[in-house]
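Enquirer: My questions all concern the structure below.
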Amino acid sequence: MEMPAQYNPKEVEEKAYRKWAKEKLFAASVAENSDPFSIVIPPPNVTGILHMGHALNSTIQDVMIRFKGMKGCQSLWMPGTDHAGIATQNVVERNLAKDGLKKEDLGRDKFNEKLWEWTNSHGSTIISQLKRLGAACDWDRTRFTMDDAYSDAIKEVFVTLYEKGLIYKGNYIINWCPRCKTALSDEESPHRDIDGWLYYIKYPVSRPEADNQKAESYIVVATTRPETMLGDTAVAINPNDSRYDYLKGSDVILPIVNRKLRVIEDEAVDPEFGTGIVKVTPAHDPIDFAMGKKHNLEFINIMNADATLNDNATAMFAGMDRFRGRQALLDILYEKKLIEKKEPYKIAAGHCYRCNTIIEPWVSAQWFVKMKPLAQKAIKVVEDDEVKFYPPRWKKVYLNWMYDIHDWCISRQIWWGHRLPVYYCKQCLNQTGNQTIDHRQQIVDQNSKTKNNKESNVGIIVSRDTPDKCPSCGGSDLVQEEDVLDTWFSSWLWPFATFYWPFGKTIDHRPQTIDLETKREELSYFYPTNILVTASEILFFWVARMIMAGMEFMGEIPFRDVLIHGTVRDEYGVKMSKSLGNTIDPLEIIDKFGADALRFSLMFLAASGSDIYLSEEKFLIGRNFCNKIYNSARFLFLKIKENNLVVDNLNLDSLNEIDRWVLKELNQTIEEASKYLESYRINEATKRVYDFFWHTFCDWYLEIVKDDFTLPKAKVLIHTLISTLKMLHPIMPFITEEIFEAVGKNTKLTQESSIMVASWPRKTELNIDARKEEITKSLFNTIKEMRNIKTDLGLGTKKVKLKIKITSDTKDVWAKNESWIKRLTILDTIEICEDLNRVLYRNDFWELNFDIDDIDKSTFVASLDKKINHAKGFLSKVSKKLENKRFIENAPGDTVEKERLKFKQTSAQKSRLQELRDAFK
RNA sequence: GGGCGCAUAGCUCAGUUGGUUAGAGCGCUUGCUUGACAUGCAAGAGGUCAGAGGUUCAACUCCUCUUGUGCCCACCA
């Protein structure tokens, strides 16, 4: 087989992935004799295309899955996608807009068909991209949050929570996105500072006639959103603010609208801010909403769903967009000289996390989950470290959020998603007369009053099955709730709903092929899952809620460990995002350098939990390493063939000291890599194996045995290669598979059909003679020193004669190793002498000289001086310690012993160097 | 306003129970077309571990403060 000089990942990767799929190596199942290891993938959006964040996130999971698989676990990576309500709807709406259509033109059913069409044709894009990355997901289990069966779980959960009184409907002020025209949860409305103005507006005051003369004829309120004044129904002052005592009996008049405003007192008002008087707009501001409830104020809604002003905002402004209305209103206020001043002001405004539109706080009828009761257990399991965070600091972040958790608004006014399993009986509703099912209508109806938070449940049917008649009146005129659920209301069930929980109660839409008992067993085997790998952005959205759902419905944590990795940034430290255009496309990197190169570079750079800065050149680390692995293997096979070697299992009897040395280094690498992987410190494991393979195995061992390519050596080489490949496999699955197969073809070793199912390497039992080991290490050091000296003397690549005086029982060491020592040091001959006329290097075992006439003494002496100074500095530091009585008294014995040894060795070394130097004077 | 991080070589970062006169990758300097690999090999320069205190026999590592910097949460209009 001809192997080109450079590694070409393209065909290798495709071929390997096909093989794994064909041999069903991704599949995991219940096995009594194996430990389970499971991860559920954070389901990517069906609209998603693979970005660097996915690549990082997925590689980490894949590393753990493959590692645990090799360790003998039933290693399950559960894949799937998320229907991503708003995001997907937006995409399909945009497509529709190209034909000049709106979703309303199609109607709900037709539009839903379009959504499914889109999902079916595009939804697997991300899946195939994950496959290119090498993801070892059990693809036969792939789930989608809109599967019929998955929807069963959602209904079950909704109904159960409703029956427990943990889900309620009510009129509240919520985050409204006027572009998506839906309510959002607090988490979906992140605050961002925007530059704005704080306007000081004069409100006239009408006083009883006989009032004292001190009072002003107007008051001043400050606001960043002047247009909301059209919905003002009060002004508020702090009860302890005596400046405005006079207002208590007065009427404040809302300009333009000329509405009388009540003056209320509330502790929420900060006397220090602005003028100390607050305009109160109960229907358009969360604090004002609370005040409105407390003081029984009128709620006047001045906006439509698209944030245009409505008739309540007076005919003058009706129909205007909120920002245009703001300007128009300001113009009039200026004209009437009612603006006292304006100041530049940073406003922390909520933004829609899907389209970045500024959120409008809006009162509407929505569905909520009571979170406090659900949070209790989820707090405890984290406090008690039953669920552990890596890095641990996220525990605090999680707990802080959980301690102060707010109710979760779960209804969305979009069409793509799970419709709430809520049905309204029209007849019953008509009788109570206070309910309608159209939110937009309901909101307009709110002009007058929102009386109570909780509306009566008359006429509301919450049911797992579609009811045919109203249980209370028997009427059959039922309509289902129009709203759909927040997408996260499906995601939070992911760790168990993916196993087809709830195993069919009154509802059961499992596919025929799915066996209930198997699934039940699988859930109990694989749940709780072992780790959840995610970015910090969805800690609250998803992680926290999964823990709550797990505790509530499984009675058990959903995962033991939560791995929070960093954010992917560009080389300047700016977060990669499509809108900024600073992304690096992982698929382009795969095309250019290979998936292994991508994965390796990511794992090499990603220290646990810290952000990772990327530029295209960072992927050269991985590419170069792939090339190194490939070439070293290519060389081994070439040599094996050239020498007609039949390589089989390692034979410990025929090992020499150097073989033992490399195997010992290998042992240590295995130990450390395993330890690091077990503790999720993947980058440490990656670095360790990289360093061993390149700088120990290739740079030293392989170079040493190059010209002595005998069978015992070949066995050590192949053994070490295989062990390293195995350790690298979780990180770089493709190239390791390729070479593992090639090992099979080029040797007589019996091995597994794929490295994926090969067992994790174990340490070799080596009987190591300490003295021989020391001599071997001295030999390596001597070689480094000789190269060093040659460079100092300007003899870099010149072949020189080495004269050596053996000062102890090590003659055979030089004789046996002569050939490679000469090659690696670039020596002409090695001559063993009784006496040297000059010594360039000396250690406990030998001293040596190069047979050359004149040397540049000054550079050599300078180099010696440098070493001597180094030793001196070190010695003074160590002796300071040893002279310190308290050190001797307090430090543990072996620490003191170590220092003594250091001192002894270094002083010996120093005097040797000193002698050498003196000889050159 | 509250909370959480970060500050180590020119750049990007490791350094996990305190005991190395501090490591890697890239970049830089010097020398190598050595038949596995120039996507390589050899040698090297470069750091008072942000600053100031403290704890300790011992601090890059623990504590406090300062400075700079980043992120998250929050109803000061």
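Please note that chains go A, B, ... in the order of the structure tokens, that every chain numbers its residues from 1, and that ligands are numbered from 1 in the order shown.
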What's around Arg787 of chain A at 9 Å? Count only C-alpha atoms (C1' of nucleotides), leave out sequence neighbours fewer than 2 positions away in its own chain, and write the answer as a list in words.

Expert: Thr782, Ile783, Lys784, Glu785, Ile789, Lys790, Thr791, Asp792, Leu795, Gly796, Leu824, Thr825 and Ile826 of chain A; A42 and A43 of chain B

Enquirer: With 6 Å as the limit and counting only C-alpha atoms (C1' of nucleotides), what residues in chain A lie close to chain B? Please list them as a list of chain:residue names.

Expert: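 Listing them in order of chain and number gives A:Thr223, A:Pro286, A:Ile287, A:Asn624, A:Lys628, A:Asn631, A:Ser632, A:Phe635, A:Phe874, A:Arg886, A:Phe887, A:Asn890.
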
Enquirer: Could you write those residues out with N, CA, C and O atoms, as a compact mmCIF listing (two decimals), in the first residue's frame?

Expert:
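Done, and the output landed in part13.txt:
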# COMPACT_ATOMS: atom_id res chain seq x y z
N THR A 223 -39.01 60.25 33.21
CA THR A 223 -39.28 58.97 32.55
C THR A 223 -38.36 58.78 31.35
O THR A 223 -37.91 59.75 30.74
N PRO A 286 -43.41 47.01 34.95
CA PRO A 286 -43.52 45.98 35.99
C PRO A 286 -43.69 46.55 37.40
O PRO A 286 -44.49 46.04 38.18
N ILE A 287 -42.94 47.60 37.73
CA ILE A 287 -43.07 48.16 39.09
C ILE A 287 -44.42 48.82 39.23
O ILE A 287 -45.10 48.70 40.25
N ASN A 624 -1.07 19.51 12.16
CA ASN A 624 0.32 19.06 12.24
C ASN A 624 0.45 17.78 13.05
O ASN A 624 1.25 16.92 12.72
N LYS A 628 1.85 14.17 12.01
CA LYS A 628 2.93 13.52 12.75
C LYS A 628 2.56 12.06 13.04
O LYS A 628 3.35 11.15 12.85
N ASN A 631 2.60 10.04 9.79
CA ASN A 631 3.92 9.77 9.25
C ASN A 631 4.72 8.79 10.08
O ASN A 631 5.48 7.99 9.53
N SER A 632 4.55 8.88 11.40
CA SER A 632 5.29 7.94 12.21
C SER A 632 4.77 6.52 11.96
O SER A 632 5.56 5.58 11.86
N PHE A 635 5.97 5.25 8.67
CA PHE A 635 7.36 4.84 8.77
C PHE A 635 7.50 3.45 9.39
O PHE A 635 8.25 2.60 8.91
N PHE A 874 20.50 28.49 42.54
CA PHE A 874 19.65 27.42 43.06
C PHE A 874 20.13 26.98 44.45
O PHE A 874 19.34 26.83 45.37
N ARG A 886 13.53 26.46 61.50
CA ARG A 886 12.08 26.23 61.52
C ARG A 886 11.61 25.39 60.33
O ARG A 886 10.63 24.68 60.43
N PHE A 887 12.38 25.51 59.23
CA PHE A 887 12.07 24.65 58.09
C PHE A 887 12.29 23.20 58.45
O PHE A 887 11.46 22.33 58.22
N ASN A 890 9.55 22.12 60.97
CA ASN A 890 8.15 22.11 60.57
C ASN A 890 7.81 21.36 59.28
O ASN A 890 6.71 20.84 59.15

Enquirer: Can you work out which one of A:Arg243, A:Leu50, A:Phe496, A:Val689 has the shortest atom-to-atom distance to Gln129 of chain A, counting only C-alpha atoms?

Expert: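 Of A:Arg243, A:Leu50, A:Phe496, A:Val689, the one nearest Gln129 of chain A, counting only C-alpha atoms, is A:Leu50.
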
Enquirer: Quick one: everything within 10 Å of Phe526 of chain A, counting only C-alpha atoms (C1' of nucleotides), minus sequence neighbours fewer than 3 positions away in the same chain. Send it as a PDB file with C-alpha atoms, in the first residue's frame.

Expert:
ATOM      1  CA  ALA A  28     -25.770   1.154  23.614  1.00  0.00           C
ATOM      2  CA  SER A  29     -28.149  -1.098  25.460  1.00  0.00           C
ATOM      3  CA  VAL A  30     -28.903  -2.416  28.898  1.00  0.00           C
ATOM      4  CA  ASP A  35     -21.805   0.013  34.008  1.00  0.00           C
ATOM      5  CA  PRO A  36     -23.955   2.477  32.154  1.00  0.00           C
ATOM      6  CA  PHE A  37     -22.558   5.781  31.051  1.00  0.00           C
ATOM      7  CA  SER A  38     -24.951   8.206  29.465  1.00  0.00           C
ATOM      8  CA  ILE A  39     -25.164  11.711  28.169  1.00  0.00           C
ATOM      9  CA  GLN A  74     -22.408   0.829  27.966  1.00  0.00           C
ATOM     10  CA  SER A  75     -21.849   4.287  26.682  1.00  0.00           C
ATOM     11  CA  LEU A  76     -24.959   6.010  25.450  1.00  0.00           C
ATOM     12  CA  PRO A 495     -33.277  13.482  30.058  1.00  0.00           C
ATOM     13  CA  PHE A 496     -36.263  11.184  30.591  1.00  0.00           C
ATOM     14  CA  PHE A 499     -36.707   7.324  26.798  1.00  0.00           C
ATOM     15  CA  GLU A 521     -35.610  -0.775  31.592  1.00  0.00           C
ATOM     16  CA  GLU A 522     -33.414   1.552  29.615  1.00  0.00           C
ATOM     17  CA  LEU A 523     -34.603   4.537  31.558  1.00  0.00           C
ATOM     18  CA  THR A 529     -27.348  10.322  33.190  1.00  0.00           C
ATOM     19  CA  ASN A 530     -23.721  10.872  34.043  1.00  0.00           C
ATOM     20  CA  PHE A 559     -27.455  13.980  35.789  1.00  0.00           C
TER      21      PHE A 559
END

Enquirer: I'd like the interatomic distance between atom CA of Thr59 of chain A and atom CA of Leu598 of chain A, to a tenth of an Å.

Expert: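 Separation between atom CA of Thr59 of chain A and atom CA of Leu598 of chain A: 9.4 Å.
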